[in-house]
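Dumped entry21.txt below, it's compact mmCIF, C-alpha atoms:
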# COMPACT_ATOMS: atom_id res chain seq x y z
CA MET Q 1 67.77 34.09 257.69
CA SER Q 2 69.53 35.88 260.52
CA GLY Q 3 73.29 35.60 260.81
CA TYR Q 4 73.01 33.51 263.96
CA ASP Q 5 70.63 32.12 266.53
CA VAL Q 6 71.12 30.96 270.10
CA THR Q 7 69.57 28.13 272.14
CA GLU Q 8 70.25 27.49 275.82
CA PHE Q 9 70.20 23.86 277.02
CA GLY Q 10 71.72 24.45 280.45
CA GLU Q 11 74.66 22.71 282.12
CA MET Q 12 75.15 19.03 281.37
CA ASP Q 13 74.33 18.14 284.98
CA THR Q 14 70.78 19.34 284.34
CA TRP Q 15 70.21 17.39 281.11
CA GLY Q 16 67.53 14.76 281.61
CA VAL Q 17 66.71 15.83 285.18
CA ALA Q 18 63.48 17.65 284.48
CA GLU Q 19 60.79 15.82 282.53
CA GLY Q 20 61.10 16.37 278.81
CA THR Q 21 64.82 17.14 278.90
CA GLY Q 22 66.02 13.62 278.03
CA LYS Q 23 66.06 14.53 274.33
CA ARG Q 24 65.88 18.06 273.05
CA PHE Q 25 66.39 19.41 269.55
CA ALA Q 26 67.95 22.47 267.99
CA ASN Q 27 66.82 21.83 264.46
CA GLY Q 28 67.52 23.84 261.37
CA LYS Q 29 65.02 26.42 260.24
CA ASP Q 30 64.35 27.17 256.58
CA GLY Q 31 67.56 27.26 254.64
CA GLN Q 32 69.70 25.77 257.41
CA PHE Q 33 71.87 22.69 257.05
CA LEU Q 34 72.55 21.21 260.48
CA GLY Q 35 70.40 19.53 263.11
CA LEU Q 36 71.37 18.85 266.72
CA SER Q 37 69.88 16.89 269.57
CA VAL Q 38 71.03 17.03 273.20
CA ASN Q 39 70.47 13.78 275.08
CA ALA Q 40 70.62 12.19 278.52
CA THR Q 41 69.89 8.46 278.68
CA ASP Q 42 69.44 6.95 282.14
CA PRO Q 43 71.57 3.94 283.12
CA GLY Q 44 70.04 0.78 281.62
CA ALA Q 45 67.90 2.71 279.15
CA SER Q 46 68.17 2.56 275.36
CA SER Q 47 66.92 4.22 272.22
CA PRO Q 48 63.24 3.40 271.93
CA PHE Q 49 63.92 1.78 268.53
CA TRP Q 50 66.59 1.33 265.87
CA HIS Q 51 66.59 3.93 263.12
CA ARG Q 52 68.47 4.89 259.99
CA HIS Q 53 68.43 7.76 257.50
CA GLU Q 54 68.21 7.56 253.76
CA ARG Q 55 70.30 10.66 253.03
CA SER Q 56 71.48 12.22 256.28
CA GLU Q 57 74.80 11.54 257.98
CA GLU Q 58 74.79 11.63 261.78
CA VAL Q 59 77.67 12.22 264.19
CA TYR Q 60 77.19 11.05 267.79
CA VAL Q 61 79.34 12.77 270.43
CA PHE Q 62 79.38 11.02 273.82
CA LEU Q 63 80.29 13.37 276.67
CA GLU Q 64 79.60 11.56 279.96
CA GLY Q 65 78.73 8.06 281.09
CA GLN Q 66 79.26 4.72 279.41
CA GLY Q 67 77.30 2.55 277.06
CA LYS Q 68 77.10 0.78 273.75
CA MET Q 69 76.12 1.68 270.25
CA ALA Q 70 74.69 -0.80 267.78
CA LEU Q 71 75.60 -0.20 264.12
CA ASP Q 72 73.99 -2.73 261.80
CA ASP Q 73 75.51 -6.02 263.02
CA ASP Q 74 78.30 -4.38 265.08
CA VAL Q 75 78.22 -3.31 268.72
CA ILE Q 76 80.85 -0.88 270.03
CA ASP Q 77 81.60 0.52 273.49
CA VAL Q 78 81.08 4.26 273.91
CA GLN Q 79 82.27 6.53 276.71
CA ALA Q 80 83.10 10.17 277.35
CA GLY Q 81 84.96 11.48 274.30
CA THR Q 82 83.79 8.88 271.79
CA VAL Q 83 82.66 10.35 268.46
CA VAL Q 84 80.86 8.02 266.03
CA ARG Q 85 80.08 9.09 262.50
CA VAL Q 86 77.23 7.08 260.98
CA ALA Q 87 76.67 6.95 257.25
CA PRO Q 88 73.26 7.03 255.58
CA GLU Q 89 71.52 3.63 255.39
CA THR Q 90 73.28 2.30 258.50
CA TRP Q 91 70.93 1.20 261.27
CA ARG Q 92 71.84 2.49 264.74
CA ALA Q 93 70.71 2.45 268.38
CA VAL Q 94 72.21 3.70 271.66
CA HIS Q 95 72.35 2.01 275.09
CA SER Q 96 73.35 3.49 278.45
CA ALA Q 97 75.16 0.93 280.64
CA ALA Q 98 73.09 -0.21 283.62
CA ASP Q 99 76.14 -0.13 285.90
CA ALA Q 100 77.49 3.24 284.74
CA GLY Q 101 76.18 5.02 287.83
CA ARG Q 102 75.25 8.08 285.79
CA PRO Q 103 73.28 8.92 282.67
CA LEU Q 104 74.88 8.75 279.24
CA LYS Q 105 75.10 12.34 277.97
CA TRP Q 106 75.45 12.72 274.23
CA LEU Q 107 74.83 14.90 271.23
CA CYS Q 108 73.63 13.86 267.81
CA MET Q 109 74.34 16.15 264.89
CA ARG Q 110 72.73 15.62 261.52
CA GLY Q 111 73.20 16.88 258.00
CA GLY Q 112 73.32 15.80 254.38
CA GLY Q 113 73.84 17.15 250.92
CA ASP Q 114 71.14 19.79 251.16
CA THR Q 115 69.25 21.94 253.63
CA LEU Q 116 67.49 19.91 256.30
CA ASN Q 117 64.11 21.03 255.05
CA ALA Q 118 64.92 19.91 251.51
CA ILE Q 119 66.06 16.52 252.83
CA GLY Q 120 62.84 16.30 254.79
CA HIS Q 121 61.87 13.28 256.85
CA ASP Q 122 64.37 10.75 255.59
CA GLY Q 123 64.33 8.59 258.71
CA GLU Q 124 63.11 5.02 258.94
CA LEU Q 125 62.31 3.23 262.21
CA ASP Q 126 62.46 -0.45 263.06
CA ARG Q 127 60.40 -1.01 266.17
CA GLU Q 128 60.66 -4.80 265.97
CA ARG Q 129 64.40 -5.37 265.74
CA PRO Q 130 65.82 -6.57 269.08
CA PHE Q 131 68.72 -4.75 270.69
CA PRO Q 132 72.03 -6.63 271.07
CA TRP Q 133 72.30 -5.61 274.75
CA VAL Q 134 69.11 -7.48 275.64
CA ALA Q 135 69.91 -11.08 276.48
CA MET U 136 82.52 4.45 252.56
CA SER U 137 82.10 2.33 255.65
CA GLY U 138 78.87 2.49 257.55
CA TYR U 139 80.52 4.19 260.49
CA ASP U 140 83.80 5.34 261.95
CA VAL U 141 84.90 6.07 265.49
CA THR U 142 87.24 8.68 266.99
CA GLU U 143 88.19 8.89 270.68
CA PHE U 144 88.83 12.36 272.14
CA GLY U 145 88.89 11.32 275.82
CA GLU U 146 86.99 12.78 278.76
CA MET U 147 86.30 16.50 278.72
CA ASP U 148 88.61 17.00 281.71
CA THR U 149 91.52 15.97 279.50
CA TRP U 150 90.72 18.29 276.57
CA GLY U 151 93.42 20.92 276.19
CA VAL U 152 95.65 19.46 278.92
CA ALA U 153 98.24 17.81 276.69
CA GLU U 154 99.88 19.92 274.03
CA GLY U 155 98.01 19.81 270.75
CA THR U 156 94.66 18.94 272.32
CA GLY U 157 93.28 22.50 272.46
CA LYS U 158 91.67 22.02 269.05
CA ARG U 159 91.20 18.65 267.42
CA PHE U 160 89.23 17.73 264.34
CA ALA U 161 87.06 14.83 263.24
CA ASN U 162 86.61 15.89 259.67
CA GLY U 163 84.61 14.27 256.97
CA LYS U 164 86.30 11.91 254.57
CA ASP U 165 85.35 11.58 250.92
CA GLY U 166 81.61 11.63 250.54
CA GLN U 167 80.91 12.72 254.11
CA PHE U 168 78.88 15.77 255.06
CA LEU U 169 79.76 16.82 258.60
CA GLY U 170 82.87 18.24 260.25
CA LEU U 171 83.52 18.47 263.97
CA SER U 172 86.14 20.12 266.13
CA VAL U 173 86.63 19.54 269.86
CA ASN U 174 88.03 22.56 271.68
CA ALA U 175 89.39 23.72 275.03
CA THR U 176 90.22 27.43 275.29
CA ASP U 177 92.14 28.55 278.39
CA PRO U 178 90.73 31.37 280.52
CA GLY U 179 91.54 34.71 278.90
CA ALA U 180 92.39 33.14 275.54
CA SER U 181 90.54 33.72 272.26
CA SER U 182 90.29 32.47 268.73
CA PRO U 183 93.54 33.42 266.99
CA PHE U 184 91.51 35.39 264.41
CA TRP U 185 87.98 36.07 263.21
CA HIS U 186 86.73 33.83 260.44
CA ARG U 187 83.68 33.18 258.31
CA HIS U 188 82.58 30.62 255.73
CA GLU U 189 81.21 31.25 252.31
CA ARG U 190 78.92 28.22 252.19
CA SER U 191 79.18 26.26 255.43
CA GLU U 192 76.91 26.66 258.42
CA GLU U 193 78.53 26.13 261.82
CA VAL U 194 76.93 25.19 265.14
CA TYR U 195 78.93 25.93 268.31
CA VAL U 196 78.05 23.87 271.38
CA PHE U 197 79.51 25.22 274.66
CA LEU U 198 79.83 22.54 277.33
CA GLU U 199 81.88 23.97 280.20
CA GLY U 200 83.24 27.35 281.26
CA GLN U 201 82.14 30.84 280.35
CA GLY U 202 82.97 33.30 277.65
CA LYS U 203 81.81 35.44 274.82
CA MET U 204 81.18 34.99 271.16
CA ALA U 205 81.51 37.78 268.62
CA LEU U 206 79.14 37.57 265.64
CA ASP U 207 79.67 40.40 263.17
CA ASP U 208 78.90 43.47 265.30
CA ASP U 209 77.20 41.55 268.14
CA VAL U 210 78.78 40.06 271.26
CA ILE U 211 76.90 37.43 273.26
CA ASP U 212 77.65 35.63 276.52
CA VAL U 213 78.19 31.88 276.25
CA GLN U 214 78.22 29.28 279.00
CA ALA U 215 77.65 25.57 279.50
CA GLY U 216 74.64 24.58 277.42
CA THR U 217 74.70 27.47 274.96
CA VAL U 218 74.27 26.43 271.32
CA VAL U 219 74.94 29.06 268.65
CA ARG U 220 74.13 28.43 265.01
CA VAL U 221 76.11 30.67 262.67
CA ALA U 222 75.02 31.25 259.09
CA PRO U 223 77.41 31.45 256.14
CA GLU U 224 78.99 34.88 255.63
CA THR U 225 78.77 35.81 259.31
CA TRP U 226 82.11 36.63 260.93
CA ARG U 227 82.73 34.93 264.28
CA ALA U 228 85.29 34.57 267.09
CA VAL U 229 85.27 32.91 270.54
CA HIS U 230 86.65 34.18 273.85
CA SER U 231 87.13 32.30 277.14
CA ALA U 232 86.47 34.54 280.16
CA ALA U 233 89.65 35.40 282.10
CA ASP U 234 87.84 34.98 285.42
CA ALA U 235 86.04 31.73 284.57
CA GLY U 236 88.50 29.65 286.58
CA ARG U 237 88.41 26.86 284.00
CA PRO U 238 88.83 26.44 280.25
CA LEU U 239 85.93 26.96 277.89
CA LYS U 240 85.11 23.53 276.41
CA TRP U 241 83.19 23.60 273.17
CA LEU U 242 82.41 21.77 269.95
CA CYS U 243 82.08 23.24 266.50
CA MET U 244 80.13 21.29 263.91
CA ARG U 245 80.18 22.25 260.24
CA GLY U 246 78.20 21.39 257.17
CA GLY U 247 76.61 22.88 254.09
CA GLY U 248 74.65 22.01 251.00
CA ASP U 249 77.10 19.39 249.77
CA THR U 250 79.78 17.00 250.95
CA LEU U 251 82.57 18.73 252.86
CA ASN U 252 85.09 17.86 250.16
CA ALA U 253 82.88 19.36 247.47
CA ILE U 254 82.50 22.53 249.53
CA GLY U 255 86.26 22.60 249.96
CA HIS U 256 88.09 25.39 251.72
CA ASP U 257 85.35 27.99 251.96
CA GLY U 258 86.76 29.75 255.01
CA GLU U 259 88.07 33.31 255.09
CA LEU U 260 90.23 34.72 257.89
CA ASP U 261 90.58 38.27 259.13
CA ARG U 262 93.76 38.51 261.14
CA GLU U 263 93.53 42.30 261.50
CA ARG U 264 90.06 42.81 262.95
CA PRO U 265 90.24 43.56 266.71
CA PHE U 266 88.24 41.49 269.16
CA PRO U 267 85.47 43.25 271.11
CA TRP U 268 86.75 41.81 274.41
CA VAL U 269 90.07 43.62 274.09
CA ALA U 270 89.77 47.11 275.60
Represent the structure of the file as structure tokens.
Amino acid sequence: MSGYDVTEFGEMDTWGVAEGTGKRFANGKDGQFLGLSVNATDPGASSPFWHRHERSEEVYVFLEGQGKMALDDDVIDVQAGTVVRVAPETWRAVHSAADAGRPLKWLCMRGGGDTLNAIGHDGELDRERPFPWVA
Amino acid sequence: MSGYDVTEFGEMDTWGVAEGTGKRFANGKDGQFLGLSVNATDPGASSPFWHRHERSEEVYVFLEGQGKMALDDDVIDVQAGTVVRVAPETWRAVHSAADAGRPLKWLCMRGGGDTLNAIGHDGELDRERPFPWVA
């Protein structure tokens, strides 16, 4: 493994503008520990489904915009500067406020007690569970 | 451990404005895996010293401004959208360009093959090594 590697995602104003830039990953290679996604969620849009991880912890860093985050049975407001640490086993989903006037820009970092490759695919999706922001 | 916890760092425009907000931490509690710092480095300023970690990997996410990052004997340009993953054992330091006209805003996330508390203080500082951006 090299001592470092570099990925360029461009300025935040460009995130989500071109197709395919709404969610992008800088994932760990062999032997690495941390995963990162860079996200832009349009006003009114949400995660496509709830998900949780068996072993991985995730930290969500909200940088621009406004929205909500669902965490099991809780719903919290998120805005620029909100950092939410989510434990393994906790179900979560993200919502960008329809009236925010701008996309919700956020990062999700991921890691657990081992290299990411050793942890493997520890995610579980729930495509049926309704979101709390849908009336 | 609760299923989640929340920290508010405020909008990026406020980072580094009030005293004590140049570097702030959202570190893992018992049993947690990920550490995060939120940083604003004034134009012309640098890390106070080089450092490296014995076990932890770090991922630097640059969000605003321009600067350089020193990685062992390499120096790379960093700007909004640059993500640099740094392996254990690699020495690193950050510099905010004097002519950038604005602070360098960046995150540093940290994790390794265990909980942060189990990894403990694995950092090593070098207060004597000169920075490559100093002539």
Transformed chain U, reference chain Q, full Cα set in order, as a PDB file with C-alpha atoms, in the frame of the given file:
ATOM      1  CA  MET U 136      67.793  34.125 257.670  1.00  0.00           C
ATOM      2  CA  SER U 137      69.537  35.883 260.513  1.00  0.00           C
ATOM      3  CA  GLY U 138      73.263  35.590 260.830  1.00  0.00           C
ATOM      4  CA  TYR U 139      72.975  33.517 263.973  1.00  0.00           C
ATOM      5  CA  ASP U 140      70.596  32.119 266.542  1.00  0.00           C
ATOM      6  CA  VAL U 141      71.085  30.954 270.103  1.00  0.00           C
ATOM      7  CA  THR U 142      69.537  28.126 272.139  1.00  0.00           C
ATOM      8  CA  GLU U 143      70.238  27.464 275.832  1.00  0.00           C
ATOM      9  CA  PHE U 144      70.191  23.833 277.011  1.00  0.00           C
ATOM     10  CA  GLY U 145      71.725  24.437 280.462  1.00  0.00           C
ATOM     11  CA  GLU U 146      74.655  22.698 282.126  1.00  0.00           C
ATOM     12  CA  MET U 147      75.170  19.027 281.365  1.00  0.00           C
ATOM     13  CA  ASP U 148      74.335  18.123 284.972  1.00  0.00           C
ATOM     14  CA  THR U 149      70.789  19.323 284.342  1.00  0.00           C
ATOM     15  CA  TRP U 150      70.212  17.381 281.102  1.00  0.00           C
ATOM     16  CA  GLY U 151      67.540  14.741 281.600  1.00  0.00           C
ATOM     17  CA  VAL U 152      66.717  15.815 285.168  1.00  0.00           C
ATOM     18  CA  ALA U 153      63.468  17.642 284.456  1.00  0.00           C
ATOM     19  CA  GLU U 154      60.802  15.811 282.517  1.00  0.00           C
ATOM     20  CA  GLY U 155      61.105  16.351 278.791  1.00  0.00           C
ATOM     21  CA  THR U 156      64.825  17.122 278.881  1.00  0.00           C
ATOM     22  CA  GLY U 157      66.045  13.608 278.007  1.00  0.00           C
ATOM     23  CA  LYS U 158      66.067  14.523 274.318  1.00  0.00           C
ATOM     24  CA  ARG U 159      65.885  18.071 273.046  1.00  0.00           C
ATOM     25  CA  PHE U 160      66.384  19.394 269.551  1.00  0.00           C
ATOM     26  CA  ALA U 161      67.955  22.459 267.980  1.00  0.00           C
ATOM     27  CA  ASN U 162      66.820  21.832 264.460  1.00  0.00           C
ATOM     28  CA  GLY U 163      67.526  23.807 261.375  1.00  0.00           C
ATOM     29  CA  LYS U 164      65.037  26.383 260.211  1.00  0.00           C
ATOM     30  CA  ASP U 165      64.356  27.160 256.568  1.00  0.00           C
ATOM     31  CA  GLY U 166      67.579  27.254 254.635  1.00  0.00           C
ATOM     32  CA  GLN U 167      69.700  25.777 257.417  1.00  0.00           C
ATOM     33  CA  PHE U 168      71.864  22.693 257.054  1.00  0.00           C
ATOM     34  CA  LEU U 169      72.543  21.216 260.485  1.00  0.00           C
ATOM     35  CA  GLY U 170      70.393  19.532 263.121  1.00  0.00           C
ATOM     36  CA  LEU U 171      71.377  18.855 266.711  1.00  0.00           C
ATOM     37  CA  SER U 172      69.881  16.896 269.570  1.00  0.00           C
ATOM     38  CA  VAL U 173      71.035  17.027 273.195  1.00  0.00           C
ATOM     39  CA  ASN U 174      70.464  13.780 275.072  1.00  0.00           C
ATOM     40  CA  ALA U 175      70.626  12.203 278.523  1.00  0.00           C
ATOM     41  CA  THR U 176      69.891   8.467 278.677  1.00  0.00           C
ATOM     42  CA  ASP U 177      69.441   6.945 282.146  1.00  0.00           C
ATOM     43  CA  PRO U 178      71.550   3.936 283.132  1.00  0.00           C
ATOM     44  CA  GLY U 179      70.046   0.785 281.633  1.00  0.00           C
ATOM     45  CA  ALA U 180      67.890   2.711 279.159  1.00  0.00           C
ATOM     46  CA  SER U 181      68.158   2.565 275.361  1.00  0.00           C
ATOM     47  CA  SER U 182      66.918   4.222 272.230  1.00  0.00           C
ATOM     48  CA  PRO U 183      63.214   3.393 271.936  1.00  0.00           C
ATOM     49  CA  PHE U 184      63.907   1.790 268.528  1.00  0.00           C
ATOM     50  CA  TRP U 185      66.576   1.349 265.874  1.00  0.00           C
ATOM     51  CA  HIS U 186      66.588   3.927 263.117  1.00  0.00           C
ATOM     52  CA  ARG U 187      68.461   4.901 259.985  1.00  0.00           C
ATOM     53  CA  HIS U 188      68.426   7.771 257.499  1.00  0.00           C
ATOM     54  CA  GLU U 189      68.199   7.579 253.774  1.00  0.00           C
ATOM     55  CA  ARG U 190      70.297  10.663 253.047  1.00  0.00           C
ATOM     56  CA  SER U 191      71.486  12.226 256.294  1.00  0.00           C
ATOM     57  CA  GLU U 192      74.799  11.543 257.970  1.00  0.00           C
ATOM     58  CA  GLU U 193      74.789  11.632 261.772  1.00  0.00           C
ATOM     59  CA  VAL U 194      77.670  12.224 264.184  1.00  0.00           C
ATOM     60  CA  TYR U 195      77.186  11.068 267.794  1.00  0.00           C
ATOM     61  CA  VAL U 196      79.337  12.781 270.417  1.00  0.00           C
ATOM     62  CA  PHE U 197      79.374  11.022 273.825  1.00  0.00           C
ATOM     63  CA  LEU U 198      80.284  13.365 276.670  1.00  0.00           C
ATOM     64  CA  GLU U 199      79.611  11.557 279.951  1.00  0.00           C
ATOM     65  CA  GLY U 200      78.745   8.042 281.087  1.00  0.00           C
ATOM     66  CA  GLN U 201      79.267   4.712 279.397  1.00  0.00           C
ATOM     67  CA  GLY U 202      77.308   2.560 277.038  1.00  0.00           C
ATOM     68  CA  LYS U 203      77.103   0.794 273.756  1.00  0.00           C
ATOM     69  CA  MET U 204      76.132   1.682 270.254  1.00  0.00           C
ATOM     70  CA  ALA U 205      74.685  -0.803 267.789  1.00  0.00           C
ATOM     71  CA  LEU U 206      75.571  -0.185 264.132  1.00  0.00           C
ATOM     72  CA  ASP U 207      73.972  -2.723 261.809  1.00  0.00           C
ATOM     73  CA  ASP U 208      75.496  -5.998 263.039  1.00  0.00           C
ATOM     74  CA  ASP U 209      78.288  -4.375 265.091  1.00  0.00           C
ATOM     75  CA  VAL U 210      78.219  -3.299 268.736  1.00  0.00           C
ATOM     76  CA  ILE U 211      80.835  -0.870 270.041  1.00  0.00           C
ATOM     77  CA  ASP U 212      81.585   0.520 273.496  1.00  0.00           C
ATOM     78  CA  VAL U 213      81.076   4.260 273.918  1.00  0.00           C
ATOM     79  CA  GLN U 214      82.281   6.522 276.703  1.00  0.00           C
ATOM     80  CA  ALA U 215      83.102  10.163 277.342  1.00  0.00           C
ATOM     81  CA  GLY U 216      84.969  11.468 274.312  1.00  0.00           C
ATOM     82  CA  THR U 217      83.798   8.882 271.792  1.00  0.00           C
ATOM     83  CA  VAL U 218      82.669  10.348 268.462  1.00  0.00           C
ATOM     84  CA  VAL U 219      80.863   8.028 266.042  1.00  0.00           C
ATOM     85  CA  ARG U 220      80.068   9.097 262.503  1.00  0.00           C
ATOM     86  CA  VAL U 221      77.226   7.091 260.981  1.00  0.00           C
ATOM     87  CA  ALA U 222      76.679   6.959 257.236  1.00  0.00           C
ATOM     88  CA  PRO U 223      73.259   7.038 255.578  1.00  0.00           C
ATOM     89  CA  GLU U 224      71.526   3.649 255.391  1.00  0.00           C
ATOM     90  CA  THR U 225      73.264   2.305 258.495  1.00  0.00           C
ATOM     91  CA  TRP U 226      70.907   1.214 261.271  1.00  0.00           C
ATOM     92  CA  ARG U 227      71.810   2.497 264.740  1.00  0.00           C
ATOM     93  CA  ALA U 228      70.695   2.460 268.392  1.00  0.00           C
ATOM     94  CA  VAL U 229      72.219   3.709 271.674  1.00  0.00           C
ATOM     95  CA  HIS U 230      72.342   2.028 275.085  1.00  0.00           C
ATOM     96  CA  SER U 231      73.351   3.500 278.462  1.00  0.00           C
ATOM     97  CA  ALA U 232      75.174   0.944 280.633  1.00  0.00           C
ATOM     98  CA  ALA U 233      73.097  -0.220 283.625  1.00  0.00           C
ATOM     99  CA  ASP U 234      76.155  -0.139 285.887  1.00  0.00           C
ATOM    100  CA  ALA U 235      77.505   3.235 284.738  1.00  0.00           C
ATOM    101  CA  GLY U 236      76.183   5.001 287.829  1.00  0.00           C
ATOM    102  CA  ARG U 237      75.240   8.073 285.798  1.00  0.00           C
ATOM    103  CA  PRO U 238      73.279   8.913 282.657  1.00  0.00           C
ATOM    104  CA  LEU U 239      74.890   8.748 279.247  1.00  0.00           C
ATOM    105  CA  LYS U 240      75.090  12.347 277.969  1.00  0.00           C
ATOM    106  CA  TRP U 241      75.451  12.704 274.236  1.00  0.00           C
ATOM    107  CA  LEU U 242      74.837  14.915 271.226  1.00  0.00           C
ATOM    108  CA  CYS U 243      73.634  13.864 267.817  1.00  0.00           C
ATOM    109  CA  MET U 244      74.349  16.153 264.891  1.00  0.00           C
ATOM    110  CA  ARG U 245      72.723  15.624 261.504  1.00  0.00           C
ATOM    111  CA  GLY U 246      73.234  16.886 258.007  1.00  0.00           C
ATOM    112  CA  GLY U 247      73.328  15.806 254.394  1.00  0.00           C
ATOM    113  CA  GLY U 248      73.813  17.081 250.888  1.00  0.00           C
ATOM    114  CA  ASP U 249      71.139  19.759 251.128  1.00  0.00           C
ATOM    115  CA  THR U 250      69.274  21.924 253.602  1.00  0.00           C
ATOM    116  CA  LEU U 251      67.516  19.910 256.300  1.00  0.00           C
ATOM    117  CA  ASN U 252      64.111  21.019 255.046  1.00  0.00           C
ATOM    118  CA  ALA U 253      64.932  19.901 251.518  1.00  0.00           C
ATOM    119  CA  ILE U 254      66.071  16.525 252.838  1.00  0.00           C
ATOM    120  CA  GLY U 255      62.848  16.305 254.811  1.00  0.00           C
ATOM    121  CA  HIS U 256      61.869  13.281 256.844  1.00  0.00           C
ATOM    122  CA  ASP U 257      64.385  10.746 255.595  1.00  0.00           C
ATOM    123  CA  GLY U 258      64.359   8.607 258.727  1.00  0.00           C
ATOM    124  CA  GLU U 259      63.118   5.028 258.941  1.00  0.00           C
ATOM    125  CA  LEU U 260      62.316   3.245 262.208  1.00  0.00           C
ATOM    126  CA  ASP U 261      62.436  -0.432 263.057  1.00  0.00           C
ATOM    127  CA  ARG U 262      60.404  -0.989 266.184  1.00  0.00           C
ATOM    128  CA  GLU U 263      60.670  -4.788 265.969  1.00  0.00           C
ATOM    129  CA  ARG U 264      64.413  -5.369 265.739  1.00  0.00           C
ATOM    130  CA  PRO U 265      65.827  -6.554 269.105  1.00  0.00           C
ATOM    131  CA  PHE U 266      68.729  -4.729 270.698  1.00  0.00           C
ATOM    132  CA  PRO U 267      72.020  -6.629 271.069  1.00  0.00           C
ATOM    133  CA  TRP U 268      72.298  -5.616 274.743  1.00  0.00           C
ATOM    134  CA  VAL U 269      69.111  -7.465 275.654  1.00  0.00           C
ATOM    135  CA  ALA U 270      69.936 -11.097 276.477  1.00  0.00           C
TER     136      ALA U 270
END
Original post:
Using only C-alpha atoms, which chain U residues lie at most 8 Å away from chain Q, written as an MDAnalysis selection string?
Top reply: chainID U and resid 136:147 167:169 192:194 198:199 206 215:225 244:250
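Nearest to Gly22 of chain Q of all the residues Q:Gly44, Q:Leu125, Q:Gly120, Q:Leu104 is Q:Leu104, counting all atoms listed in the file.
Closest to Asn117 of chain Q among Q:Pro43, Q:Ser96, Q:Pro48, Q:Lys29 is Q:Lys29, based on all atoms listed in the file.
The gap separating atom CA of Glu154 of chain U from atom CA of Arg237 of chain U is 16.7 Å, in Å to one decimal.
We find atom CA of Thr41 of chain Q and atom CA of Arg159 of chain U to be spaced 26.2 Å apart.
Note that the spacing between atom CA of Trp241 of chain U and atom CA of Arg190 of chain U amounts to 21.9 Å.
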Output, as AutoDock Vina command-line options, the centre and edge lengths in Å (one decimal) of the axis-aligned box that contains all listed atoms of segment 75-81 of chain Q with 4 Å of margin on each side.
--center_x 81.6 --center_y 4.1 --center_z 273.0 --size_x 14.7 --size_y 22.8 --size_z 16.6
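Considering only C-alpha atoms, the residue among Q:Cys108, Q:Ile119, Q:Pro103, Q:Arg52 positioned nearest to Gln66 of chain Q is Q:Pro103.
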Any chance you could model N, CA and C atoms for segment 22-33 of chain Q and send them as a PDB file, in the frame of the given file?
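rebuild.pdb, freshly written:
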ATOM      1  N   GLY Q  22      65.198  14.765 278.407  1.00  0.00           N
ATOM      2  CA  GLY Q  22      66.020  13.620 278.030  1.00  0.00           C
ATOM      3  C   GLY Q  22      66.492  13.710 276.588  1.00  0.00           C
ATOM      4  N   LYS Q  23      65.672  14.291 275.726  1.00  0.00           N
ATOM      5  CA  LYS Q  23      66.060  14.530 274.330  1.00  0.00           C
ATOM      6  C   LYS Q  23      65.468  15.860 273.889  1.00  0.00           C
ATOM      7  N   ARG Q  24      66.338  16.758 273.528  1.00  0.00           N
ATOM      8  CA  ARG Q  24      65.880  18.060 273.050  1.00  0.00           C
ATOM      9  C   ARG Q  24      66.572  18.396 271.736  1.00  0.00           C
ATOM     10  N   PHE Q  25      65.900  19.137 270.899  1.00  0.00           N
ATOM     11  CA  PHE Q  25      66.390  19.410 269.550  1.00  0.00           C
ATOM     12  C   PHE Q  25      66.676  20.893 269.318  1.00  0.00           C
ATOM     13  N   ALA Q  26      67.737  21.147 268.575  1.00  0.00           N
ATOM     14  CA  ALA Q  26      67.950  22.470 267.990  1.00  0.00           C
ATOM     15  C   ALA Q  26      68.012  22.221 266.491  1.00  0.00           C
ATOM     16  N   ASN Q  27      66.867  22.222 265.863  1.00  0.00           N
ATOM     17  CA  ASN Q  27      66.820  21.830 264.460  1.00  0.00           C
ATOM     18  C   ASN Q  27      66.926  23.040 263.538  1.00  0.00           C
ATOM     19  N   GLY Q  28      67.345  22.774 262.339  1.00  0.00           N
ATOM     20  CA  GLY Q  28      67.520  23.840 261.370  1.00  0.00           C
ATOM     21  C   GLY Q  28      66.186  24.432 260.944  1.00  0.00           C
ATOM     22  N   LYS Q  29      66.180  25.747 260.814  1.00  0.00           N
ATOM     23  CA  LYS Q  29      65.020  26.420 260.240  1.00  0.00           C
ATOM     24  C   LYS Q  29      65.182  26.434 258.718  1.00  0.00           C
ATOM     25  N   ASP Q  30      64.266  27.081 258.046  1.00  0.00           N
ATOM     26  CA  ASP Q  30      64.350  27.170 256.580  1.00  0.00           C
ATOM     27  C   ASP Q  30      65.727  27.604 256.139  1.00  0.00           C
ATOM     28  N   GLY Q  31      66.281  26.867 255.224  1.00  0.00           N
ATOM     29  CA  GLY Q  31      67.560  27.260 254.640  1.00  0.00           C
ATOM     30  C   GLY Q  31      68.764  26.840 255.442  1.00  0.00           C
ATOM     31  N   GLN Q  32      68.570  26.199 256.594  1.00  0.00           N
ATOM     32  CA  GLN Q  32      69.700  25.770 257.410  1.00  0.00           C
ATOM     33  C   GLN Q  32      70.068  24.317 257.118  1.00  0.00           C
ATOM     34  N   PHE Q  33      71.305  23.960 257.483  1.00  0.00           N
ATOM     35  CA  PHE Q  33      71.870  22.690 257.050  1.00  0.00           C
ATOM     36  C   PHE Q  33      72.052  21.648 258.146  1.00  0.00           C
TER      37      PHE Q  33
END
